[in-house]
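Peer 1: The file below is work.txt, compact mmCIF, C-alpha atoms and all ligand atoms:
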# COMPACT_ATOMS: atom_id res chain seq x y z
CA MET H 257 0.00 0.00 0.00
CA PRO H 258 1.48 3.44 -0.88
CA SER H 259 2.62 5.64 2.01
CA THR H 260 0.79 8.88 2.77
CA ASN H 261 3.71 10.80 1.29
CA SER H 262 3.72 8.87 -1.96
CA SER H 263 -0.09 9.13 -2.23
CA LEU H 264 0.20 12.87 -1.69
CA PHE H 265 2.95 13.06 -4.31
CA LEU H 266 0.84 11.03 -6.75
CA CYS H 267 -2.14 13.36 -6.21
CA LEU H 268 0.01 16.46 -6.70
CA PHE H 269 1.59 14.95 -9.80
CA LEU H 270 -1.79 14.07 -11.31
CA ALA H 271 -3.16 17.53 -10.46
CA ALA H 272 -0.13 19.23 -12.02
CA THR H 273 -0.32 17.02 -15.09
CA SER H 274 -4.00 17.60 -15.68
CA LEU H 275 -3.55 21.35 -15.06
CA ASN H 276 -0.80 21.34 -17.65
CA LEU H 277 -3.09 19.56 -20.09
CA ILE H 278 -5.75 22.18 -19.47
CA ILE H 279 -3.62 25.30 -19.78
CA ALA H 280 -1.02 24.22 -22.34
CA ALA H 281 -1.46 23.95 -26.07
CA ASP H 282 1.85 22.73 -27.52
CA PRO H 283 4.00 20.53 -25.24
CA ASP H 284 6.61 22.36 -23.20
CA MET H 285 10.20 22.72 -24.42
CA LEU H 286 13.04 20.63 -23.01
CA GLN H 287 15.97 22.78 -24.16
CA ASP H 288 16.80 26.43 -24.93
CA LEU H 289 15.97 26.12 -28.59
CA CYS H 290 15.30 23.54 -31.25
CA VAL H 291 15.36 25.24 -34.63
CA ALA H 292 13.25 23.14 -36.97
CA ASP H 293 14.95 21.15 -39.68
CA LEU H 294 12.00 21.53 -42.04
CA ASN H 295 13.56 19.18 -44.61
CA SER H 296 14.27 16.28 -42.29
CA ALA H 297 12.70 12.97 -43.21
CA VAL H 298 12.38 12.15 -39.51
CA ARG H 299 8.79 12.42 -38.28
CA VAL H 300 8.25 13.51 -34.66
CA ASN H 301 5.67 15.60 -32.84
CA GLY H 302 6.85 18.96 -34.25
CA PHE H 303 10.14 19.01 -36.18
CA PRO H 304 13.59 17.62 -35.34
CA CYS H 305 16.22 20.20 -34.34
CA LYS H 306 18.91 21.24 -36.78
CA PRO H 307 22.50 21.18 -35.40
CA ALA H 308 23.02 24.05 -32.94
CA THR H 309 26.16 25.13 -34.84
CA ASN H 310 24.03 25.89 -37.92
CA VAL H 311 21.57 28.13 -36.05
CA THR H 312 21.55 31.80 -37.09
CA ALA H 313 19.46 34.87 -36.34
CA SER H 314 17.56 34.39 -39.59
CA ASP H 315 16.02 31.21 -38.10
CA PHE H 316 14.19 33.55 -35.69
CA PHE H 317 13.33 36.35 -38.12
CA PHE H 318 10.45 36.99 -40.55
CA ALA H 319 9.57 40.24 -42.32
CA GLY H 320 6.43 38.92 -43.99
CA LEU H 321 3.94 40.66 -41.69
CA ALA H 322 5.29 44.15 -42.32
CA HIS H 323 3.07 44.90 -45.31
CA PRO H 324 -0.58 44.26 -46.15
CA GLY H 325 -1.37 41.08 -48.08
CA ALA H 326 -3.44 41.23 -51.29
CA THR H 327 -7.13 41.09 -50.43
CA ASN H 328 -8.48 40.55 -53.95
CA THR H 329 -9.58 37.02 -52.98
CA THR H 330 -13.02 35.35 -53.10
CA MET H 331 -13.60 36.31 -49.45
CA GLY H 332 -11.95 39.73 -49.60
CA SER H 333 -9.38 38.79 -46.97
CA VAL H 334 -5.96 37.22 -46.74
CA VAL H 335 -4.11 35.57 -43.85
CA THR H 336 -0.30 35.70 -43.76
CA ALA H 337 1.02 33.16 -41.27
CA ALA H 338 4.19 33.57 -39.22
CA ASN H 339 4.37 30.04 -37.85
CA VAL H 340 7.11 27.40 -37.57
CA GLU H 341 6.91 26.76 -41.31
CA ARG H 342 8.10 30.35 -41.90
CA ILE H 343 10.15 30.84 -38.70
CA PRO H 344 11.95 27.55 -37.94
CA GLY H 345 13.14 28.95 -34.59
CA LEU H 346 9.55 28.72 -33.31
CA ASN H 347 9.85 24.93 -33.15
CA THR H 348 8.95 23.73 -29.59
CA LEU H 349 8.23 27.29 -28.40
CA GLY H 350 4.43 27.06 -28.56
CA VAL H 351 3.66 30.48 -30.08
CA SER H 352 3.04 32.00 -33.53
CA LEU H 353 1.38 34.97 -35.23
CA SER H 354 -0.66 35.77 -38.33
CA ARG H 355 -1.51 39.00 -40.05
CA VAL H 356 -5.01 39.27 -41.49
CA ASP H 357 -5.90 41.93 -44.07
CA TYR H 358 -9.49 42.66 -45.04
CA ALA H 359 -10.89 44.66 -47.95
CA PRO H 360 -13.97 46.74 -47.07
CA GLY H 361 -16.69 44.12 -46.45
CA GLY H 362 -14.06 41.35 -46.54
CA LEU H 363 -14.59 38.21 -44.47
CA ASN H 364 -12.12 35.83 -42.83
CA PRO H 365 -14.63 32.99 -43.09
CA PRO H 366 -15.67 30.65 -40.26
CA HIS H 367 -12.79 28.36 -39.31
CA VAL H 368 -11.23 26.55 -36.35
CA HIS H 369 -7.70 26.09 -35.04
CA PRO H 370 -7.46 22.57 -33.61
CA ARG H 371 -4.25 23.30 -31.69
CA ALA H 372 -4.51 26.88 -30.38
CA THR H 373 -6.42 29.63 -28.69
CA GLU H 374 -6.16 32.88 -30.69
CA ILE H 375 -6.08 36.52 -29.62
CA VAL H 376 -6.49 39.23 -32.28
CA PHE H 377 -5.27 42.82 -32.07
CA VAL H 378 -6.70 45.31 -34.56
CA LEU H 379 -4.01 47.35 -36.33
CA THR H 380 -6.37 49.46 -38.45
CA GLY H 381 -10.07 49.64 -39.19
CA GLU H 382 -13.10 48.16 -37.51
CA ILE H 383 -14.03 44.47 -37.64
CA GLU H 384 -16.91 42.38 -36.40
CA VAL H 385 -15.66 39.25 -34.66
CA GLY H 386 -17.42 36.21 -33.30
CA PHE H 387 -17.22 32.60 -32.23
CA VAL H 388 -19.77 29.87 -31.53
CA THR H 389 -19.71 27.77 -28.36
CA THR H 390 -20.55 24.07 -28.20
CA ALA H 391 -23.94 25.19 -26.83
CA ASN H 392 -24.48 26.93 -30.20
CA ARG H 393 -24.25 30.37 -28.65
CA VAL H 394 -22.62 33.15 -30.65
CA VAL H 395 -20.26 35.42 -28.72
CA GLY H 396 -19.21 38.44 -30.73
CA ARG H 397 -18.96 42.19 -31.11
CA ARG H 398 -17.29 44.98 -33.08
CA ILE H 399 -13.71 45.86 -32.26
CA GLY H 400 -11.58 48.75 -33.48
CA GLN H 401 -7.97 49.86 -33.71
CA GLY H 402 -5.91 48.84 -30.67
CA GLU H 403 -8.59 46.52 -29.31
CA VAL H 404 -8.29 42.76 -28.81
CA PHE H 405 -10.62 39.77 -28.84
CA VAL H 406 -10.09 36.12 -27.94
CA PHE H 407 -11.20 32.99 -29.80
CA PRO H 408 -11.00 29.91 -27.56
CA ARG H 409 -9.18 26.90 -28.96
CA GLY H 410 -11.21 24.67 -31.26
CA LEU H 411 -14.27 26.94 -31.57
CA VAL H 412 -15.60 28.14 -34.94
CA HIS H 413 -14.81 31.86 -35.37
CA TRP H 414 -14.61 34.59 -38.02
CA GLN H 415 -13.92 38.30 -38.61
CA ARG H 416 -15.59 40.70 -41.04
CA ASN H 417 -14.52 44.20 -42.00
CA VAL H 418 -17.53 46.38 -41.28
CA GLY H 419 -15.81 49.65 -42.17
CA SER H 420 -15.51 51.39 -45.53
CA THR H 421 -11.69 51.28 -45.53
CA PRO H 422 -9.24 48.35 -45.47
CA ALA H 423 -8.70 46.76 -42.05
CA ALA H 424 -5.82 44.72 -40.63
CA ALA H 425 -5.24 42.64 -37.50
CA ILE H 426 -2.47 40.63 -35.89
CA ALA H 427 -3.47 37.26 -34.45
CA ALA H 428 -1.37 35.49 -31.80
CA PHE H 429 -1.61 31.76 -31.07
CA ASN H 430 -0.38 29.49 -28.27
CA SER H 431 0.94 27.00 -30.80
CA GLN H 432 3.86 26.99 -33.22
CA LEU H 433 1.46 25.60 -35.84
CA PRO H 434 -2.18 26.17 -34.85
CA GLY H 435 -3.65 24.53 -37.96
CA THR H 436 -6.63 26.08 -39.73
CA LEU H 437 -9.69 24.23 -40.91
CA GLY H 438 -12.11 26.42 -42.88
CA VAL H 439 -15.63 25.16 -42.29
CA ALA H 440 -17.03 25.78 -45.79
CA ALA H 441 -13.86 24.71 -47.59
CA ALA H 442 -13.50 21.54 -45.49
CA LEU H 443 -16.99 20.43 -46.37
CA PHE H 444 -17.44 21.69 -49.94
CA ALA H 445 -13.92 21.87 -51.37
CA SER H 446 -12.14 18.86 -49.88
CA GLU H 447 -10.26 16.21 -51.81
CA PRO H 448 -11.70 13.60 -52.23
CA PRO H 449 -15.07 15.34 -51.86
CA VAL H 450 -17.47 14.76 -48.98
CA ALA H 451 -20.39 12.74 -50.41
CA ASP H 452 -23.21 14.88 -51.85
CA GLU H 453 -25.76 12.96 -49.74
CA VAL H 454 -23.92 13.99 -46.56
CA LEU H 455 -24.00 17.67 -47.50
CA GLU H 456 -27.60 17.58 -48.78
CA ARG H 457 -28.84 16.04 -45.54
CA ALA H 458 -26.64 18.05 -43.19
CA PHE H 459 -27.48 21.41 -44.75
CA GLN H 460 -31.01 20.47 -45.90
CA ILE H 461 -30.27 21.57 -49.47
CA GLY H 462 -30.58 19.98 -52.90
CA ALA H 463 -27.98 18.46 -55.22
CA GLY H 464 -27.99 21.61 -57.41
CA GLU H 465 -27.12 23.79 -54.45
CA VAL H 466 -24.30 21.46 -53.41
CA ARG H 467 -22.89 21.67 -56.97
CA ARG H 468 -23.17 25.46 -57.01
CA ILE H 469 -21.39 25.90 -53.67
CA ARG H 470 -18.66 23.42 -54.71
CA ARG H 471 -18.07 25.41 -57.92
CA ARG H 472 -17.86 28.70 -56.06
CA LEU H 473 -15.43 27.40 -53.43
CA ALA H 474 -13.22 25.40 -55.77
CA PRO H 475 -9.61 26.58 -55.56
CA HIS H 476 -8.81 28.81 -58.57
C1 LIG H 501 -7.79 34.70 -37.73
O1 LIG H 501 -8.80 34.22 -37.23
C2 LIG H 501 -6.67 33.88 -38.07
O2 LIG H 501 -6.78 32.68 -37.82
O3 LIG H 501 -5.64 34.38 -38.55
MN MN H 502 -8.50 32.16 -36.53
Would you write out, as structure tokens, the structure that this file holds?
Ligand code: GLV
Ligand code: MN
Peer 2:
Amino acid sequence: MPSTNSSLFLCLFLAATSLNLIIAADPDMLQDLCVADLNSAVRVNGFPCKPATNVTASDFFFAGLAHPGATNTTMGSVVTAANVERIPGLNTLGVSLSRVDYAPGGLNPPHVHPRATEIVFVLTGEIEVGFVTTANRVVGRRIGQGEVFVFPRGLVHWQRNVGSTPAAAIAAFNSQLPGTLGVAAALFASEPPVADEVLERAFQIGAGEVRRIRRRLAPH
């Protein structure tokens, strides 16, 4: 039978472990840095580290968020990611950023990040933001320059530019690679396609409507 001390230790360990599971997104780091070797054939959770002697400042640098992205897209918005795929030094660090640019009326359409909570900071303009809880409740509002809003991990969320000028925001994530699954694209523009019958029944629409949405969302 375990001693009182070891039972106490076990309880504390389990509490700490479950707390870590609740508050952490990516697993914690075990060394100062582990710059991703993006070309390695080795598959691990994250990326293997490149040799420390090959690490340079450019592994931790990215200038790609300095300027607006082109918003002449179907949705009138564009997301520029600054994650481990662009900044190898982010490997194992559990954070990343994106810049989102919106044309007037532009929408960053409903999507989820399976591996991160997101916090957005508006650089310019005014956007309407929202997410849906698992109780199907929408939580949203308008936010303007200098204001922030949080999208909890795994919940469907979106932003829409409600102003008459371009808008831009910076999004921060507690994951080096949050992953993005666009709801409409996942269902109507996947490869191989989701069966028509699934979409017709789920959305209560006809075959013609499924075809029309597929055509509109097909990658150009
Ligand atoms: C905004 O929601 C983003 O994911 O960049
Ligand atoms: Mn997002």
Peer 1: Taking all atoms listed in the file into account, which of H:Gly345, H:Phe318, H:Thr327, H:Val368 comes nearest Cys290 (chain H)?
Peer 2: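 Using all atoms listed in the file, the shortest distance to Cys290 (chain H) belongs to H:Gly345.
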Peer 1: Find the residues near ligand LIG 501 (chain H). Use a cut-off of 7 Å, count all atoms listed in the file, and write them as a ChimeraX atom specification.
Peer 2: /H:335,354-356,364,413-415,427,436
Peer 1: As a PyMOL selection string, please: the residues near Thr336 (chain H) (cut-off 10 Å, only C-alpha atoms, same-chain neighbours under 3 positions excluded).
Peer 2: chain H and resi 320-321+323-326+339+353-357+426-427
Peer 1: Between H:Arg472, H:Arg342, H:His369, H:Lys306, which has the minimum distance to Leu437 (chain H) (counting all atoms listed in the file)?
Peer 2: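 The closest residue to Leu437 (chain H) is H:His369.
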Peer 1: Enter the distance from CA of Leu289 (chain H) to CA of Phe377 (chain H), in Å, rounded to one decimal.
Peer 2: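 That distance, rounded to one decimal, is 27.2 Å.
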Peer 1: Which residues are near Gly400 (chain H)? Cut-off 9 Å, only C-alpha atoms, ignore same chain within fewer than 2 positions. Put them as JSON, numbers by chain.
Peer 2: {"H": [377, 378, 379, 380, 381, 382, 383, 384, 398, 402, 403, 404]}
Peer 1: To one decimal in Å, tell me the separation between CA of Val395 (chain H) and CA of Pro366 (chain H).
Peer 2: 13.3 Å
Peer 1: Would you kindly return, as a list in words, each protein, DNA or RNA residue with an atom no farther than 10 Å from any atom of Leu443 (chain H), considering all atoms listed in the file and excluding same-chain residues fewer than 6 positions away?
Peer 2: Leu437, Pro449, Val450, Ala451, Asp452, Val454, Leu455 and Arg470 of chain H
Peer 1: Report, in Å to a single decimal, how far apart CA of Pro422 (chain H) and CA of Pro475 (chain H) are.
Peer 2: 24.0 Å
Peer 1: H:Thr329, H:Gln287, H:Ser352, H:Asn295: which is nearest Glu374 (chain H), counting only C-alpha atoms?
Peer 2: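 Counting only C-alpha atoms, the residue closest to Glu374 (chain H) is H:Ser352.
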Peer 1: Output as JSON the centre and edge lengths (Å, one decimal) of the box along x, y and z of the file that holds every listed atom of region 345-350 of chain H after adding 8 Å on each side.
Peer 2:
{"center_x": 8.8, "center_y": 26.3, "center_z": -31.5, "size_x": 24.7, "size_y": 21.2, "size_z": 22.2}
Peer 1: Check the smallest atom-to-atom distance from each of H:Leu411, H:Cys305, H:Ile343, H:Val394 to ligand MN 502 (chain H) using only C-alpha atoms and all ligand atoms, then report the winner.
Peer 2: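 Checking each of H:Leu411, H:Cys305, H:Ile343, H:Val394 against ligand MN 502 (chain H), counting only C-alpha atoms and all ligand atoms, the winner is H:Leu411.
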Peer 1: Give me region 425-459 of chain H with N, CA and C atoms filled in, as a compact mmCIF listing (two decimals), in the coordinates of the input.
Peer 2:
# COMPACT_ATOMS: atom_id res chain seq x y z
N ALA H 425 -5.38 43.10 -38.90
CA ALA H 425 -5.24 42.64 -37.50
C ALA H 425 -4.06 41.69 -37.41
N ILE H 426 -3.49 41.63 -36.20
CA ILE H 426 -2.47 40.63 -35.89
C ILE H 426 -3.12 39.61 -34.96
N ALA H 427 -2.93 38.33 -35.29
CA ALA H 427 -3.47 37.26 -34.45
C ALA H 427 -2.30 36.51 -33.81
N ALA H 428 -2.41 36.26 -32.51
CA ALA H 428 -1.37 35.49 -31.80
C ALA H 428 -1.97 34.16 -31.34
N PHE H 429 -1.15 33.12 -31.38
CA PHE H 429 -1.61 31.76 -31.07
C PHE H 429 -0.68 31.10 -30.05
N ASN H 430 -1.24 30.25 -29.19
CA ASN H 430 -0.38 29.49 -28.27
C ASN H 430 -0.03 28.14 -28.89
N SER H 431 0.42 28.18 -30.12
CA SER H 431 0.94 27.00 -30.80
C SER H 431 1.90 27.45 -31.89
N GLN H 432 2.94 26.65 -32.13
CA GLN H 432 3.86 26.99 -33.22
C GLN H 432 3.21 26.74 -34.58
N LEU H 433 2.14 25.95 -34.59
CA LEU H 433 1.46 25.60 -35.84
C LEU H 433 0.00 25.29 -35.50
N PRO H 434 -0.83 26.37 -35.37
CA PRO H 434 -2.18 26.17 -34.85
C PRO H 434 -3.06 25.28 -35.72
N GLY H 435 -2.78 25.26 -37.03
CA GLY H 435 -3.65 24.53 -37.96
C GLY H 435 -4.92 25.33 -38.18
N THR H 436 -5.39 25.36 -39.43
CA THR H 436 -6.63 26.08 -39.73
C THR H 436 -7.50 25.20 -40.60
N LEU H 437 -8.73 25.01 -40.14
CA LEU H 437 -9.69 24.23 -40.91
C LEU H 437 -10.86 25.14 -41.21
N GLY H 438 -10.99 25.56 -42.47
CA GLY H 438 -12.11 26.42 -42.88
C GLY H 438 -13.36 25.57 -43.01
N VAL H 439 -14.44 26.01 -42.36
CA VAL H 439 -15.63 25.16 -42.29
C VAL H 439 -16.19 24.89 -43.69
N ALA H 440 -16.42 25.95 -44.46
CA ALA H 440 -17.03 25.78 -45.79
C ALA H 440 -16.09 25.00 -46.71
N ALA H 441 -14.81 25.38 -46.70
CA ALA H 441 -13.86 24.71 -47.59
C ALA H 441 -13.70 23.24 -47.22
N ALA H 442 -13.68 22.93 -45.92
CA ALA H 442 -13.50 21.54 -45.49
C ALA H 442 -14.64 20.67 -45.99
N LEU H 443 -15.84 21.25 -46.00
CA LEU H 443 -16.99 20.43 -46.37
C LEU H 443 -17.28 20.44 -47.86
N PHE H 444 -17.02 21.57 -48.53
CA PHE H 444 -17.44 21.69 -49.94
C PHE H 444 -16.27 21.71 -50.92
N ALA H 445 -15.04 21.79 -50.42
CA ALA H 445 -13.92 21.87 -51.37
C ALA H 445 -12.80 20.92 -50.97
N SER H 446 -13.17 19.81 -50.32
CA SER H 446 -12.14 18.86 -49.88
C SER H 446 -11.79 17.90 -51.01
N GLU H 447 -10.72 17.18 -50.81
CA GLU H 447 -10.26 16.21 -51.81
C GLU H 447 -9.91 14.90 -51.11
N PRO H 448 -10.52 13.75 -51.37
CA PRO H 448 -11.70 13.60 -52.23
C PRO H 448 -12.91 14.29 -51.59
N PRO H 449 -13.93 14.56 -52.39
CA PRO H 449 -15.07 15.34 -51.86
C PRO H 449 -15.88 14.57 -50.83
N VAL H 450 -16.48 15.34 -49.91
CA VAL H 450 -17.47 14.76 -48.98
C VAL H 450 -18.68 14.38 -49.85
N ALA H 451 -19.28 13.23 -49.57
CA ALA H 451 -20.39 12.74 -50.41
C ALA H 451 -21.53 13.76 -50.47
N ASP H 452 -22.09 13.94 -51.67
CA ASP H 452 -23.21 14.88 -51.85
C ASP H 452 -24.33 14.62 -50.84
N GLU H 453 -24.64 13.32 -50.63
CA GLU H 453 -25.76 12.96 -49.74
C GLU H 453 -25.52 13.50 -48.33
N VAL H 454 -24.26 13.49 -47.90
CA VAL H 454 -23.92 13.99 -46.56
C VAL H 454 -24.24 15.49 -46.48
N LEU H 455 -23.81 16.22 -47.51
CA LEU H 455 -24.00 17.67 -47.50
C LEU H 455 -25.47 18.03 -47.68
N GLU H 456 -26.17 17.29 -48.57
CA GLU H 456 -27.60 17.58 -48.78
C GLU H 456 -28.39 17.41 -47.48
N ARG H 457 -28.10 16.32 -46.77
CA ARG H 457 -28.84 16.04 -45.54
C ARG H 457 -28.43 17.00 -44.42
N ALA H 458 -27.13 17.21 -44.30
CA ALA H 458 -26.64 18.05 -43.19
C ALA H 458 -27.12 19.48 -43.32
N PHE H 459 -27.11 19.99 -44.56
CA PHE H 459 -27.48 21.41 -44.75
C PHE H 459 -28.92 21.56 -45.23
